[in-house]
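Structure file final_7.json; described as JSON, C-alpha atoms and all ligand atoms.
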[["chain", "number", "residue", "atom", "x", "y", "z"],
["A", 215, "MET", "CA", -60.10, -212.67, 48.32],
["A", 216, "GLY", "CA", -58.91, -211.15, 51.59],
["A", 217, "GLN", "CA", -56.78, -208.02, 51.60],
["A", 218, "PHE", "CA", -54.02, -209.89, 53.49],
["A", 219, "ASP", "CA", -54.09, -213.16, 51.53],
["A", 220, "GLY", "CA", -50.58, -214.66, 51.42],
["A", 221, "LYS", "CA", -49.21, -212.16, 53.96],
["A", 222, "ILE", "CA", -47.25, -213.27, 57.01],
["A", 223, "ALA", "CA", -47.82, -211.19, 60.12],
["A", 224, "ILE", "CA", -46.37, -211.13, 63.64],
["A", 225, "VAL", "CA", -48.39, -209.56, 66.46],
["A", 226, "THR", "CA", -46.80, -209.25, 69.91],
["A", 227, "GLY", "CA", -48.97, -209.17, 73.01],
["A", 228, "ALA", "CA", -51.60, -211.20, 71.18],
["A", 229, "SER", "CA", -52.87, -213.12, 74.22],
["A", 230, "ARG", "CA", -55.59, -210.60, 75.05],
["A", 231, "GLY", "CA", -56.91, -207.07, 74.64],
["A", 232, "ILE", "CA", -55.75, -204.95, 71.73],
["A", 233, "GLY", "CA", -53.15, -207.45, 70.45],
["A", 234, "ARG", "CA", -55.69, -210.23, 70.24],
["A", 235, "ALA", "CA", -58.09, -208.00, 68.30],
["A", 236, "ILE", "CA", -55.28, -207.04, 65.90],
["A", 237, "ALA", "CA", -54.35, -210.70, 65.34],
["A", 238, "GLU", "CA", -58.01, -211.52, 64.62],
["A", 239, "ARG", "CA", -58.38, -208.54, 62.29],
["A", 240, "LEU", "CA", -55.33, -209.46, 60.20],
["A", 241, "ALA", "CA", -56.33, -213.14, 60.12],
["A", 242, "SER", "CA", -59.87, -212.28, 59.03],
["A", 243, "GLY", "CA", -58.28, -210.52, 56.03],
["A", 244, "GLY", "CA", -56.43, -213.71, 55.12],
["A", 245, "ALA", "CA", -53.03, -213.18, 56.79],
["A", 246, "THR", "CA", -51.15, -216.00, 58.49],
["A", 247, "VAL", "CA", -50.65, -214.58, 61.98],
["A", 248, "ILE", "CA", -47.95, -215.54, 64.45],
["A", 249, "CYS", "CA", -49.43, -214.65, 67.84],
["A", 250, "VAL", "CA", -46.78, -213.81, 70.43],
["A", 251, "ALA", "CA", -47.01, -213.71, 74.24],
["A", 252, "ARG", "CA", -45.28, -215.33, 77.21],
["A", 253, "GLY", "CA", -45.69, -219.00, 78.04],
["A", 254, "ALA", "CA", -48.75, -220.57, 76.47],
["A", 255, "ASN", "CA", -50.74, -217.35, 76.77],
["A", 256, "ALA", "CA", -51.20, -216.77, 73.02],
["A", 257, "ASP", "CA", -52.32, -220.35, 72.32],
["A", 258, "ALA", "CA", -56.01, -219.54, 72.82],
["A", 259, "THR", "CA", -55.86, -216.64, 70.34],
["A", 260, "ALA", "CA", -54.23, -218.80, 67.67],
["A", 261, "GLN", "CA", -56.68, -221.64, 68.34],
["A", 262, "ALA", "CA", -59.68, -219.31, 68.08],
["A", 263, "ILE", "CA", -58.44, -217.93, 64.76],
["A", 264, "VAL", "CA", -57.91, -221.43, 63.36],
["A", 265, "ALA", "CA", -61.32, -222.54, 64.69],
["A", 266, "SER", "CA", -62.96, -219.72, 62.74],
["A", 267, "GLY", "CA", -61.21, -220.73, 59.53],
["A", 268, "GLY", "CA", -58.14, -218.46, 59.70],
["A", 269, "LYS", "CA", -54.41, -219.18, 59.67],
["A", 270, "ALA", "CA", -52.46, -218.65, 62.89],
["A", 271, "SER", "CA", -49.92, -220.14, 65.25],
["A", 272, "ALA", "CA", -48.73, -219.21, 68.70],
["A", 273, "PHE", "CA", -45.14, -218.36, 69.56],
["A", 274, "SER", "CA", -43.96, -218.17, 73.15],
["A", 275, "ALA", "CA", -41.57, -215.30, 73.77],
["A", 276, "ASP", "CA", -40.85, -212.59, 76.28],
["A", 277, "VAL", "CA", -40.27, -209.54, 74.09],
["A", 278, "THR", "CA", -37.62, -208.23, 76.50],
["A", 279, "ASP", "CA", -35.50, -211.31, 75.70],
["A", 280, "ALA", "CA", -33.47, -210.37, 72.61],
["A", 281, "ALA", "CA", -32.53, -213.99, 71.85],
["A", 282, "ALA", "CA", -36.20, -215.01, 71.95],
["A", 283, "VAL", "CA", -37.11, -212.16, 69.59],
["A", 284, "ASP", "CA", -34.35, -213.17, 67.17],
["A", 285, "GLY", "CA", -35.66, -216.74, 67.34],
["A", 286, "LEU", "CA", -39.19, -215.50, 66.57],
["A", 287, "ILE", "CA", -38.12, -213.72, 63.39],
["A", 288, "LYS", "CA", -35.78, -216.51, 62.33],
["A", 289, "GLN", "CA", -38.41, -219.22, 62.77],
["A", 290, "THR", "CA", -41.05, -217.15, 60.98],
["A", 291, "VAL", "CA", -38.84, -216.62, 57.94],
["A", 292, "GLU", "CA", -37.71, -220.26, 57.94],
["A", 293, "GLN", "CA", -41.28, -221.56, 58.08],
["A", 294, "HIS", "CA", -43.02, -219.06, 55.84],
["A", 295, "GLY", "CA", -40.25, -217.70, 53.65],
["A", 296, "ARG", "CA", -41.08, -214.07, 54.37],
["A", 297, "LEU", "CA", -42.37, -211.50, 56.84],
["A", 298, "ASP", "CA", -44.81, -208.84, 55.64],
["A", 299, "ILE", "CA", -46.33, -207.25, 58.74],
["A", 300, "LEU", "CA", -44.92, -206.63, 62.23],
["A", 301, "VAL", "CA", -47.18, -205.21, 64.92],
["A", 302, "SER", "CA", -45.24, -204.29, 68.06],
["A", 303, "ASN", "CA", -48.06, -204.17, 70.58],
["A", 304, "ALA", "CA", -46.91, -205.85, 73.82],
["A", 305, "GLY", "CA", -46.85, -203.34, 76.63],
["A", 306, "ILE", "CA", -47.10, -202.90, 80.39],
["A", 307, "THR", "CA", -47.71, -200.21, 82.99],
["A", 308, "ARG", "CA", -46.05, -199.77, 86.39],
["A", 309, "ASP", "CA", -47.82, -196.60, 87.51],
["A", 310, "GLN", "CA", -46.42, -194.55, 90.36],
["A", 311, "LEU", "CA", -45.97, -190.90, 91.21],
["A", 312, "MET", "CA", -42.46, -189.79, 90.43],
["A", 313, "LEU", "CA", -41.17, -189.49, 94.00],
["A", 314, "ARG", "CA", -42.27, -193.04, 94.71],
["A", 315, "MET", "CA", -41.31, -194.60, 91.41],
["A", 316, "LYS", "CA", -38.73, -197.33, 91.74],
["A", 317, "ARG", "CA", -35.91, -197.64, 89.28],
["A", 318, "SER", "CA", -37.26, -201.11, 88.44],
["A", 319, "ASP", "CA", -40.66, -199.57, 87.53],
["A", 320, "TRP", "CA", -38.87, -197.39, 85.01],
["A", 321, "ASP", "CA", -36.59, -200.13, 83.68],
["A", 322, "GLU", "CA", -39.33, -202.74, 83.20],
["A", 323, "VAL", "CA", -41.62, -200.35, 81.34],
["A", 324, "VAL", "CA", -38.88, -199.03, 79.06],
["A", 325, "ALA", "CA", -37.62, -202.57, 78.37],
["A", 326, "THR", "CA", -41.07, -203.89, 77.41],
["A", 327, "ASN", "CA", -42.59, -200.88, 75.66],
["A", 328, "LEU", "CA", -39.58, -199.34, 73.93],
["A", 329, "THR", "CA", -36.46, -201.50, 73.88],
["A", 330, "ALA", "CA", -38.45, -204.53, 72.72],
["A", 331, "ALA", "CA", -39.68, -202.52, 69.72],
["A", 332, "PHE", "CA", -36.04, -201.76, 68.86],
["A", 333, "THR", "CA", -35.11, -205.46, 69.07],
["A", 334, "LEU", "CA", -38.15, -206.59, 67.09],
["A", 335, "CYS", "CA", -37.77, -203.99, 64.34],
["A", 336, "GLN", "CA", -34.04, -204.59, 63.95],
["A", 337, "ALA", "CA", -34.62, -208.30, 63.40],
["A", 338, "ALA", "CA", -37.76, -207.87, 61.25],
["A", 339, "LEU", "CA", -36.19, -205.28, 58.96],
["A", 340, "LYS", "CA", -33.71, -207.74, 57.49],
["A", 341, "PRO", "CA", -36.31, -209.87, 55.65],
["A", 342, "MET", "CA", -38.44, -206.81, 54.87],
["A", 343, "ILE", "CA", -35.55, -204.91, 53.28],
["A", 344, "ARG", "CA", -34.62, -208.02, 51.31],
["A", 345, "GLN", "CA", -38.21, -208.26, 50.07],
["A", 346, "ARG", "CA", -38.33, -204.54, 49.29],
["A", 347, "ALA", "CA", -41.69, -204.52, 51.10],
["A", 348, "GLY", "CA", -42.97, -204.48, 54.65],
["A", 349, "ARG", "CA", -45.33, -202.89, 57.13],
["A", 350, "ILE", "CA", -44.37, -202.07, 60.70],
["A", 351, "VAL", "CA", -46.98, -200.71, 63.12],
["A", 352, "ALA", "CA", -46.12, -199.86, 66.73],
["A", 353, "ILE", "CA", -48.73, -199.29, 69.40],
["A", 354, "SER", "CA", -48.01, -196.12, 71.36],
["A", 355, "SER", "CA", -50.55, -194.27, 73.52],
["A", 356, "VAL", "CA", -52.33, -190.97, 73.97],
["A", 357, "VAL", "CA", -50.24, -190.80, 77.16],
["A", 358, "GLY", "CA", -47.10, -190.54, 75.03],
["A", 359, "GLN", "CA", -48.64, -187.49, 73.36],
["A", 360, "MET", "CA", -50.22, -185.74, 76.39],
["A", 361, "GLY", "CA", -48.35, -187.05, 79.43],
["A", 362, "ASN", "CA", -50.20, -188.35, 82.49],
["A", 363, "ALA", "CA", -49.52, -187.92, 86.21],
["A", 364, "GLY", "CA", -48.35, -191.23, 87.65],
["A", 365, "GLN", "CA", -47.18, -192.53, 84.28],
["A", 366, "ALA", "CA", -43.84, -190.78, 83.66],
["A", 367, "ASN", "CA", -42.22, -194.12, 82.81],
["A", 368, "TYR", "CA", -45.05, -195.20, 80.51],
["A", 369, "ALA", "CA", -45.31, -191.77, 78.82],
["A", 370, "ALA", "CA", -41.56, -191.71, 78.19],
["A", 371, "SER", "CA", -41.65, -195.19, 76.63],
["A", 372, "LYS", "CA", -44.63, -194.36, 74.43],
["A", 373, "ALA", "CA", -43.28, -190.96, 73.33],
["A", 374, "GLY", "CA", -39.94, -192.65, 72.65],
["A", 375, "LEU", "CA", -41.71, -195.09, 70.37],
["A", 376, "ILE", "CA", -42.98, -192.20, 68.26],
["A", 377, "GLY", "CA", -39.50, -190.71, 67.74],
["A", 378, "PHE", "CA", -38.08, -194.15, 67.11],
["A", 379, "CYS", "CA", -40.68, -194.99, 64.46],
["A", 380, "LYS", "CA", -40.36, -191.65, 62.66],
["A", 381, "SER", "CA", -36.59, -192.14, 62.41],
["A", 382, "LEU", "CA", -36.95, -195.72, 61.22],
["A", 383, "ALA", "CA", -39.57, -194.64, 58.68],
["A", 384, "ARG", "CA", -37.04, -192.25, 57.14],
["A", 385, "GLU", "CA", -34.30, -194.91, 57.10],
["A", 386, "VAL", "CA", -36.25, -197.64, 55.34],
["A", 387, "ALA", "CA", -38.68, -195.73, 53.12],
["A", 388, "SER", "CA", -36.47, -196.21, 50.05],
["A", 389, "ARG", "CA", -36.96, -199.98, 50.49],
["A", 390, "GLN", "CA", -40.75, -199.60, 50.50],
["A", 391, "VAL", "CA", -41.00, -200.54, 54.16],
["A", 392, "THR", "CA", -43.46, -198.31, 56.01],
["A", 393, "VAL", "CA", -43.31, -197.63, 59.74],
["A", 394, "ASN", "CA", -46.30, -196.09, 61.47],
["A", 395, "VAL", "CA", -47.66, -195.64, 64.97],
["A", 396, "VAL", "CA", -51.16, -196.08, 66.34],
["A", 397, "ALA", "CA", -51.81, -194.10, 69.51],
["A", 398, "PRO", "CA", -54.91, -195.40, 71.29],
["A", 399, "GLY", "CA", -56.81, -193.40, 73.90],
["A", 400, "LEU", "CA", -58.66, -195.17, 76.71],
["A", 401, "ILE", "CA", -59.46, -198.68, 75.50],
["A", 402, "ASP", "CA", -61.45, -201.21, 77.48],
["A", 403, "THR", "CA", -58.94, -203.99, 78.28],
["A", 404, "ASP", "CA", -57.33, -205.71, 81.29],
["A", 405, "MET", "CA", -54.70, -202.94, 81.34],
["A", 406, "THR", "CA", -57.21, -200.18, 82.00],
["A", 407, "ARG", "CA", -59.93, -202.03, 83.93],
["A", 408, "ALA", "CA", -58.90, -200.63, 87.32],
["A", 409, "VAL", "CA", -58.75, -197.06, 85.98],
["A", 410, "ILE", "CA", -62.08, -197.43, 84.22],
["A", 411, "GLU", "CA", -63.79, -198.90, 87.27],
["A", 412, "SER", "CA", -62.42, -196.32, 89.70],
["A", 413, "ALA", "CA", -65.19, -193.84, 90.39],
["A", 414, "LYS", "CA", -62.65, -191.04, 90.83],
["A", 415, "THR", "CA", -62.57, -189.87, 87.22],
["A", 416, "ASP", "CA", -65.45, -189.29, 84.86],
["A", 417, "TRP", "CA", -63.65, -190.58, 81.77],
["A", 418, "ALA", "CA", -66.46, -189.91, 79.36],
["A", 419, "ALA", "CA", -66.15, -186.18, 80.13],
["A", 420, "HIS", "CA", -62.63, -186.23, 78.67],
["A", 421, "ILE", "CA", -63.64, -188.12, 75.53],
["A", 422, "PRO", "CA", -65.55, -186.04, 72.97],
["A", 423, "LEU", "CA", -67.06, -189.14, 71.36],
["A", 424, "GLY", "CA", -68.40, -190.03, 74.80],
["A", 425, "ARG", "CA", -67.34, -193.66, 75.11],
["A", 426, "LEU", "CA", -64.37, -195.87, 75.79],
["A", 427, "GLY", "CA", -62.59, -197.35, 72.80],
["A", 428, "SER", "CA", -62.74, -201.06, 72.02],
["A", 429, "PRO", "CA", -59.83, -203.27, 70.97],
["A", 430, "ALA", "CA", -61.59, -203.58, 67.60],
["A", 431, "ASP", "CA", -61.42, -199.77, 67.14],
["A", 432, "VAL", "CA", -57.62, -199.98, 67.42],
["A", 433, "ALA", "CA", -57.39, -203.12, 65.29],
["A", 434, "ALA", "CA", -59.25, -201.39, 62.44],
["A", 435, "ALA", "CA", -56.61, -198.63, 62.34],
["A", 436, "VAL", "CA", -53.77, -201.16, 62.42],
["A", 437, "GLY", "CA", -55.45, -203.15, 59.65],
["A", 438, "PHE", "CA", -55.56, -200.04, 57.47],
["A", 439, "LEU", "CA", -51.91, -199.12, 58.06],
["A", 440, "ALA", "CA", -50.86, -202.73, 57.39],
["A", 441, "SER", "CA", -52.79, -202.87, 54.12],
["A", 442, "ASP", "CA", -51.79, -202.08, 50.54],
["A", 443, "GLU", "CA", -54.12, -199.07, 50.69],
["A", 444, "ALA", "CA", -51.68, -197.38, 53.09],
["A", 445, "SER", "CA", -48.64, -197.77, 50.84],
["A", 446, "TYR", "CA", -48.08, -193.98, 50.68],
["A", 447, "ILE", "CA", -48.32, -193.46, 54.45],
["A", 448, "THR", "CA", -45.21, -193.65, 56.60],
["A", 449, "GLY", "CA", -43.85, -192.03, 59.76],
["A", 450, "GLN", "CA", -47.35, -191.12, 60.92],
["A", 451, "VAL", "CA", -49.11, -191.29, 64.26],
["A", 452, "LEU", "CA", -52.74, -192.30, 63.89],
["A", 453, "ALA", "CA", -54.68, -191.44, 67.04],
["A", 454, "VAL", "CA", -57.59, -193.72, 67.93],
["A", 455, "ASN", "CA", -58.80, -191.86, 70.98],
["A", 456, "GLY", "CA", -62.37, -190.65, 70.55],
["A", 457, "GLY", "CA", -61.06, -187.09, 70.27],
["A", 458, "MET", "CA", -59.39, -187.16, 73.70],
["A", 459, "TYR", "CA", -56.30, -185.51, 72.23],
["A", 460, "MET", "CA", -56.31, -183.63, 68.91],
["B", 501, "LIG", "P1", -53.21, -205.93, 78.09],
["B", 501, "LIG", "O1", -54.62, -206.37, 77.97],
["B", 501, "LIG", "O2", -52.61, -205.78, 79.44],
["B", 501, "LIG", "O3", -52.31, -206.95, 77.21],
["B", 501, "LIG", "C1", -50.92, -206.77, 77.17],
["B", 501, "LIG", "C2", -50.33, -207.76, 76.20],
["B", 501, "LIG", "O4", -48.91, -207.56, 76.16],
["B", 501, "LIG", "C3", -50.57, -209.19, 76.62],
["B", 501, "LIG", "O5", -50.82, -209.97, 75.48],
["B", 501, "LIG", "C4", -49.25, -209.58, 77.25],
["B", 501, "LIG", "O6", -48.94, -210.96, 77.10],
["B", 501, "LIG", "C5", -48.28, -208.80, 76.40],
["B", 501, "LIG", "N1", -46.99, -208.63, 77.08],
["B", 501, "LIG", "C6", -46.70, -207.85, 78.13],
["B", 501, "LIG", "N2", -45.41, -207.97, 78.47],
["B", 501, "LIG", "C7", -44.87, -208.86, 77.60],
["B", 501, "LIG", "C8", -43.57, -209.41, 77.42],
["B", 501, "LIG", "N3", -42.55, -209.06, 78.22],
["B", 501, "LIG", "N4", -43.38, -210.30, 76.43],
["B", 501, "LIG", "C9", -44.40, -210.67, 75.62],
["B", 501, "LIG", "N5", -45.65, -210.17, 75.73],
["B", 501, "LIG", "C10", -45.87, -209.28, 76.71],
["B", 501, "LIG", "O7", -52.97, -204.55, 77.35],
["B", 501, "LIG", "P2", -53.75, -203.81, 76.15],
["B", 501, "LIG", "O8", -54.64, -202.81, 76.78],
["B", 501, "LIG", "O9", -54.29, -204.78, 75.19],
["B", 501, "LIG", "O10", -52.53, -203.00, 75.52],
["B", 501, "LIG", "C11", -51.86, -203.39, 74.34],
["B", 501, "LIG", "C12", -50.95, -202.24, 73.91],
["B", 501, "LIG", "O11", -51.73, -201.07, 73.71],
["B", 501, "LIG", "C13", -49.90, -201.89, 74.96],
["B", 501, "LIG", "O12", -48.70, -201.53, 74.32],
["B", 501, "LIG", "C14", -50.50, -200.69, 75.65],
["B", 501, "LIG", "O13", -49.51, -199.86, 76.22],
["B", 501, "LIG", "C15", -51.19, -200.02, 74.49],
["B", 501, "LIG", "N6", -52.27, -199.11, 74.88],
["B", 501, "LIG", "C16", -53.34, -199.54, 75.59],
["B", 501, "LIG", "C17", -54.33, -198.63, 75.93],
["B", 501, "LIG", "C18", -55.56, -199.02, 76.69],
["B", 501, "LIG", "O14", -56.32, -198.12, 77.06],
["B", 501, "LIG", "N7", -55.79, -200.28, 76.97],
["B", 501, "LIG", "C19", -54.22, -197.31, 75.54],
["B", 501, "LIG", "C20", -53.12, -196.90, 74.82],
["B", 501, "LIG", "C21", -52.15, -197.81, 74.47],
["B", 501, "LIG", "P3", -48.79, -212.01, 78.33],
["B", 501, "LIG", "O15", -49.93, -212.93, 78.13],
["B", 501, "LIG", "O16", -47.46, -212.63, 78.09],
["B", 501, "LIG", "O17", -48.88, -211.23, 79.61]]
Please go through the file and, once you have read it, give me the structure as structure tokens.
Amino acid sequence: MGQFDGKIAIVTGASRGIGRAIAERLASGGATVICVARGANADATAQAIVASGGKASAFSADVTDAAAVDGLIKQTVEQHGRLDILVSNAGITRDQLMLRMKRSDWDEVVATNLTAAFTLCQAALKPMIRQRAGRIVAISSVVGQMGNAGQANYAASKAGLIGFCKSLAREVASRQVTVNVVAPGLIDTDMTRAVIESAKTDWAAHIPLGRLGSPADVAAAVGFLASDEASYITGQVLAVNGGMYM
């Protein structure tokens, strides 16, 4: 018996990195996982899960497209009859020092990292409230908690996600829907490869546990918050950052 047997989960940004690890973690617990990314990018994740005996399908959507997000939730509920777990993970960076930051750098980051979470949650809440059960987990960042030079747009989107989720948690708690945030530190993925490989910063010196995080480290925290064991936890920010920010 897996802890997610019979559960239907959506994971956005599941084509690689943290989202892929989350999709695999939920599927390994028995969930049916709808893996979301643009184009055919999430196909490989869904195929790998199925190949290892799990239940998954890919859904092509740009999370900044509200109609596509509505279609995602609608199709999920039509096909599976319910929606138990939503992980809003898709995210981007457009780093630039403030004086050089273009308005489009700001708009794209806010649209993908924050507004998409609004659209997804609004659509997902309808079936969850009807069910009187649901788990929403949003992926923020240590940068939303600490700030970071060159990432004013990203930090604003990730801090915004925290306020958004705390408010939502209060609104829907009476329906037994929990809303929590996971705030990763520096995780080894495509997003951070350039930063990690640049010799300019000794990252390990800023991380008390002395290593980069892995996508699996983040997925373990999401798995916990999505599980029945976390039924009395809502509105929280769980940092998975090696002690980088306490
Ligand atoms: P990544 O390797 O760059 O993967 C990003 C994922 O988001 C991809 O699956 C990508 O799918 C998807 N995505 C981006 N824009 C999208 C859109 N408009 N519509 C649909 N999907 C979209 O990044 P990651 O490191 O795994 O990061 C995942 C999340 O964790 C992000 O929210 C990020 O901000 C957060 N985070 C990461 C770190 C870190 O150190 N890596 C730290 C803190 C927080 P496509 O295939 O469609 O591009």
What are the nearest atom pairs, with distances in Å to one decimal, for all residues of chain A that come at most 8 Å from ligand LIG 501 (chain B), using all atoms listed in the file, set out by chain and rising residue number as JSON lines?
{"residue": "A:Thr226", "atom": "CA", "partner": "B:LIG501", "partner_atom": "N5", "distance": 6.0}
{"residue": "A:Gly227", "atom": "CA", "partner": "B:LIG501", "partner_atom": "O5", "distance": 3.2}
{"residue": "A:Ala228", "atom": "CA", "partner": "B:LIG501", "partner_atom": "O5", "distance": 4.5}
{"residue": "A:Ser229", "atom": "CA", "partner": "B:LIG501", "partner_atom": "O5", "distance": 4.0}
{"residue": "A:Arg230", "atom": "CA", "partner": "B:LIG501", "partner_atom": "O5", "distance": 4.8}
{"residue": "A:Gly231", "atom": "CA", "partner": "B:LIG501", "partner_atom": "O9", "distance": 3.5}
{"residue": "A:Ile232", "atom": "CA", "partner": "B:LIG501", "partner_atom": "O9", "distance": 3.8}
{"residue": "A:Gly233", "atom": "CA", "partner": "B:LIG501", "partner_atom": "O9", "distance": 5.6}
{"residue": "A:Arg234", "atom": "CA", "partner": "B:LIG501", "partner_atom": "O5", "distance": 7.2}
{"residue": "A:Val250", "atom": "CA", "partner": "B:LIG501", "partner_atom": "C9", "distance": 6.5}
{"residue": "A:Ala251", "atom": "CA", "partner": "B:LIG501", "partner_atom": "O16", "distance": 4.0}
{"residue": "A:Arg252", "atom": "CA", "partner": "B:LIG501", "partner_atom": "O16", "distance": 3.6}
{"residue": "A:Gly253", "atom": "CA", "partner": "B:LIG501", "partner_atom": "O16", "distance": 6.6}
{"residue": "A:Ala254", "atom": "CA", "partner": "B:LIG501", "partner_atom": "O15", "distance": 7.9}
{"residue": "A:Asn255", "atom": "CA", "partner": "B:LIG501", "partner_atom": "O15", "distance": 4.7}
{"residue": "A:Ala256", "atom": "CA", "partner": "B:LIG501", "partner_atom": "O15", "distance": 6.5}
{"residue": "A:Ser274", "atom": "CA", "partner": "B:LIG501", "partner_atom": "C9", "distance": 7.9}
{"residue": "A:Ala275", "atom": "CA", "partner": "B:LIG501", "partner_atom": "C9", "distance": 5.7}
{"residue": "A:Asp276", "atom": "CA", "partner": "B:LIG501", "partner_atom": "N4", "distance": 3.4}
{"residue": "A:Val277", "atom": "CA", "partner": "B:LIG501", "partner_atom": "N4", "distance": 4.0}
{"residue": "A:Thr278", "atom": "CA", "partner": "B:LIG501", "partner_atom": "N3", "distance": 5.3}
{"residue": "A:Asp279", "atom": "CA", "partner": "B:LIG501", "partner_atom": "N3", "distance": 7.8}
{"residue": "A:Ser302", "atom": "CA", "partner": "B:LIG501", "partner_atom": "O12", "distance": 7.7}
{"residue": "A:Asn303", "atom": "CA", "partner": "B:LIG501", "partner_atom": "O12", "distance": 4.6}
{"residue": "A:Ala304", "atom": "CA", "partner": "B:LIG501", "partner_atom": "O4", "distance": 3.5}
{"residue": "A:Gly305", "atom": "CA", "partner": "B:LIG501", "partner_atom": "O12", "distance": 3.5}
{"residue": "A:Ile306", "atom": "CA", "partner": "B:LIG501", "partner_atom": "C6", "distance": 5.5}
{"residue": "A:Thr307", "atom": "CA", "partner": "B:LIG501", "partner_atom": "O13", "distance": 7.0}
{"residue": "A:Thr326", "atom": "CA", "partner": "B:LIG501", "partner_atom": "N3", "distance": 5.4}
{"residue": "A:Asn327", "atom": "CA", "partner": "B:LIG501", "partner_atom": "O12", "distance": 6.3}
{"residue": "A:Ile353", "atom": "CA", "partner": "B:LIG501", "partner_atom": "O12", "distance": 5.4}
{"residue": "A:Ser354", "atom": "CA", "partner": "B:LIG501", "partner_atom": "C21", "distance": 5.4}
{"residue": "A:Ser355", "atom": "CA", "partner": "B:LIG501", "partner_atom": "C20", "distance": 3.9}
{"residue": "A:Val356", "atom": "CA", "partner": "B:LIG501", "partner_atom": "C20", "distance": 6.0}
{"residue": "A:Val357", "atom": "CA", "partner": "B:LIG501", "partner_atom": "C20", "distance": 7.1}
{"residue": "A:Tyr368", "atom": "CA", "partner": "B:LIG501", "partner_atom": "O13", "distance": 7.7}
{"residue": "A:Lys372", "atom": "CA", "partner": "B:LIG501", "partner_atom": "O13", "distance": 7.6}
{"residue": "A:Ala397", "atom": "CA", "partner": "B:LIG501", "partner_atom": "C20", "distance": 6.1}
{"residue": "A:Pro398", "atom": "CA", "partner": "B:LIG501", "partner_atom": "C20", "distance": 4.2}
{"residue": "A:Gly399", "atom": "CA", "partner": "B:LIG501", "partner_atom": "C19", "distance": 5.0}
{"residue": "A:Leu400", "atom": "CA", "partner": "B:LIG501", "partner_atom": "O14", "distance": 3.8}
{"residue": "A:Ile401", "atom": "CA", "partner": "B:LIG501", "partner_atom": "O14", "distance": 3.6}
{"residue": "A:Asp402", "atom": "CA", "partner": "B:LIG501", "partner_atom": "N7", "distance": 5.8}
{"residue": "A:Thr403", "atom": "CA", "partner": "B:LIG501", "partner_atom": "O8", "distance": 4.7}
{"residue": "A:Asp404", "atom": "CA", "partner": "B:LIG501", "partner_atom": "O1", "distance": 4.3}
{"residue": "A:Met405", "atom": "CA", "partner": "B:LIG501", "partner_atom": "O2", "distance": 4.0}
{"residue": "A:Thr406", "atom": "CA", "partner": "B:LIG501", "partner_atom": "N7", "distance": 5.2}
{"residue": "A:Gly427", "atom": "CA", "partner": "B:LIG501", "partner_atom": "O14", "distance": 7.6}
{"residue": "A:Pro429", "atom": "CA", "partner": "B:LIG501", "partner_atom": "O9", "distance": 7.1}
Check: Near A:Gln359, counting all atoms listed in the file, which residues have an atom at most 12 Å away, once you skip same-chain residues fewer than 3 positions from it, shown as a PyMOL selection string?
Finding: chain A and resi 354-356+362+366+368-377+395-399+451-453+455+458-460
Next item on the list: Rank nothing, just name the residue among A:Ala241, A:Ile236, A:Val225, A:Ala258 nearest to A:Ile287, using all atoms listed in the file.
Entry: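 For A:Ile287, the nearest of the given residues is A:Val225.
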Checklist line | Within 10 Å of stretch 329-343 of chain A using all atoms listed in the file, minus same-chain residues under 6 positions, as a PyMOL selection string | finding: chain A and resi 224+226+276-288+290-291+295-305+321-323+349-353+371+374-375+378-379+382+386-393
May I have the protein, DNA and RNA residues with an atom at most 6 Å from (-53.2, -216.9, 68.8), counting only C-alpha atoms in the file's coordinates, returned as a PDB file with C-alpha atoms, keeping the file's coordinate frame?
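Here's the written file part09.pdb:
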ATOM      1  CA  CYS A 249     -49.430-214.650  67.840  1.00  0.00           C
ATOM      2  CA  ALA A 256     -51.200-216.770  73.020  1.00  0.00           C
ATOM      3  CA  ASP A 257     -52.320-220.350  72.320  1.00  0.00           C
ATOM      4  CA  ALA A 258     -56.010-219.540  72.820  1.00  0.00           C
ATOM      5  CA  THR A 259     -55.860-216.640  70.340  1.00  0.00           C
ATOM      6  CA  ALA A 260     -54.230-218.800  67.670  1.00  0.00           C
ATOM      7  CA  GLN A 261     -56.680-221.640  68.340  1.00  0.00           C
ATOM      8  CA  SER A 271     -49.920-220.140  65.250  1.00  0.00           C
ATOM      9  CA  ALA A 272     -48.730-219.210  68.700  1.00  0.00           C
TER      10      ALA A 272
END
Notebook entry, point to check: What is the atom CA of A:Val264-atom CA of A:Ala347 distance in Å, reported with one decimal?
Noted result: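 Distance between the two atoms: 26.4 Å.
Ranking A:Ser318, A:Thr246, A:Gln293, A:Gln365 by their shortest atom-to-atom distance to A:Ile222, with only C-alpha atoms included, puts A:Thr246 first.
Remark: for A:Trp320, the closest of the candidate residues A:Arg344, A:Thr415, A:Ala440, A:Gly364 is A:Gly364 (distances computed over all atoms listed in the file).
The list of residues with at least one atom within 8 Å of A:Phe218, based on only C-alpha atoms and without residues fewer than 2 positions apart in the same chain, reads Gly216, Gly220, Lys221, Leu240, Ala241, Gly243, Gly244, Ala245 and Ser441 of chain A.
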Checklist line | atom CA of A:Trp417 to atom CA of A:Ala433, straight-line distance in Å | finding: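 It comes out at 21.6 Å.
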Please put the answer as AutoDock Vina command-line options: centre and edge lengths, in Å with one decimal, of a box along x, y and z that encloses all listed atoms of stretch 416-433 of chain A plus 5 Å on each side.
--center_x -62.9 --center_y -194.8 --center_z 75.1 --size_x 21.0 --size_y 27.5 --size_z 29.6
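Between A:Arg384 and the candidates A:Ile447, A:Ala237, A:Ala265, A:Ala223, the tightest atom-to-atom separation, counting only C-alpha atoms, involves A:Ile447.
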Item checked: Interatomic distance, atom CA of A:Ala325 to atom CA of A:Arg308 (Å, one decimal) ->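 If I compute the distance from atom CA of A:Ala325 to atom CA of A:Arg308, I get 12.0 Å.
Among the candidate residues A:Asn367, A:Phe273, A:Val436, A:Ser381, the one lying nearest to A:Arg314 is A:Asn367, with distances computed using all atoms listed in the file.
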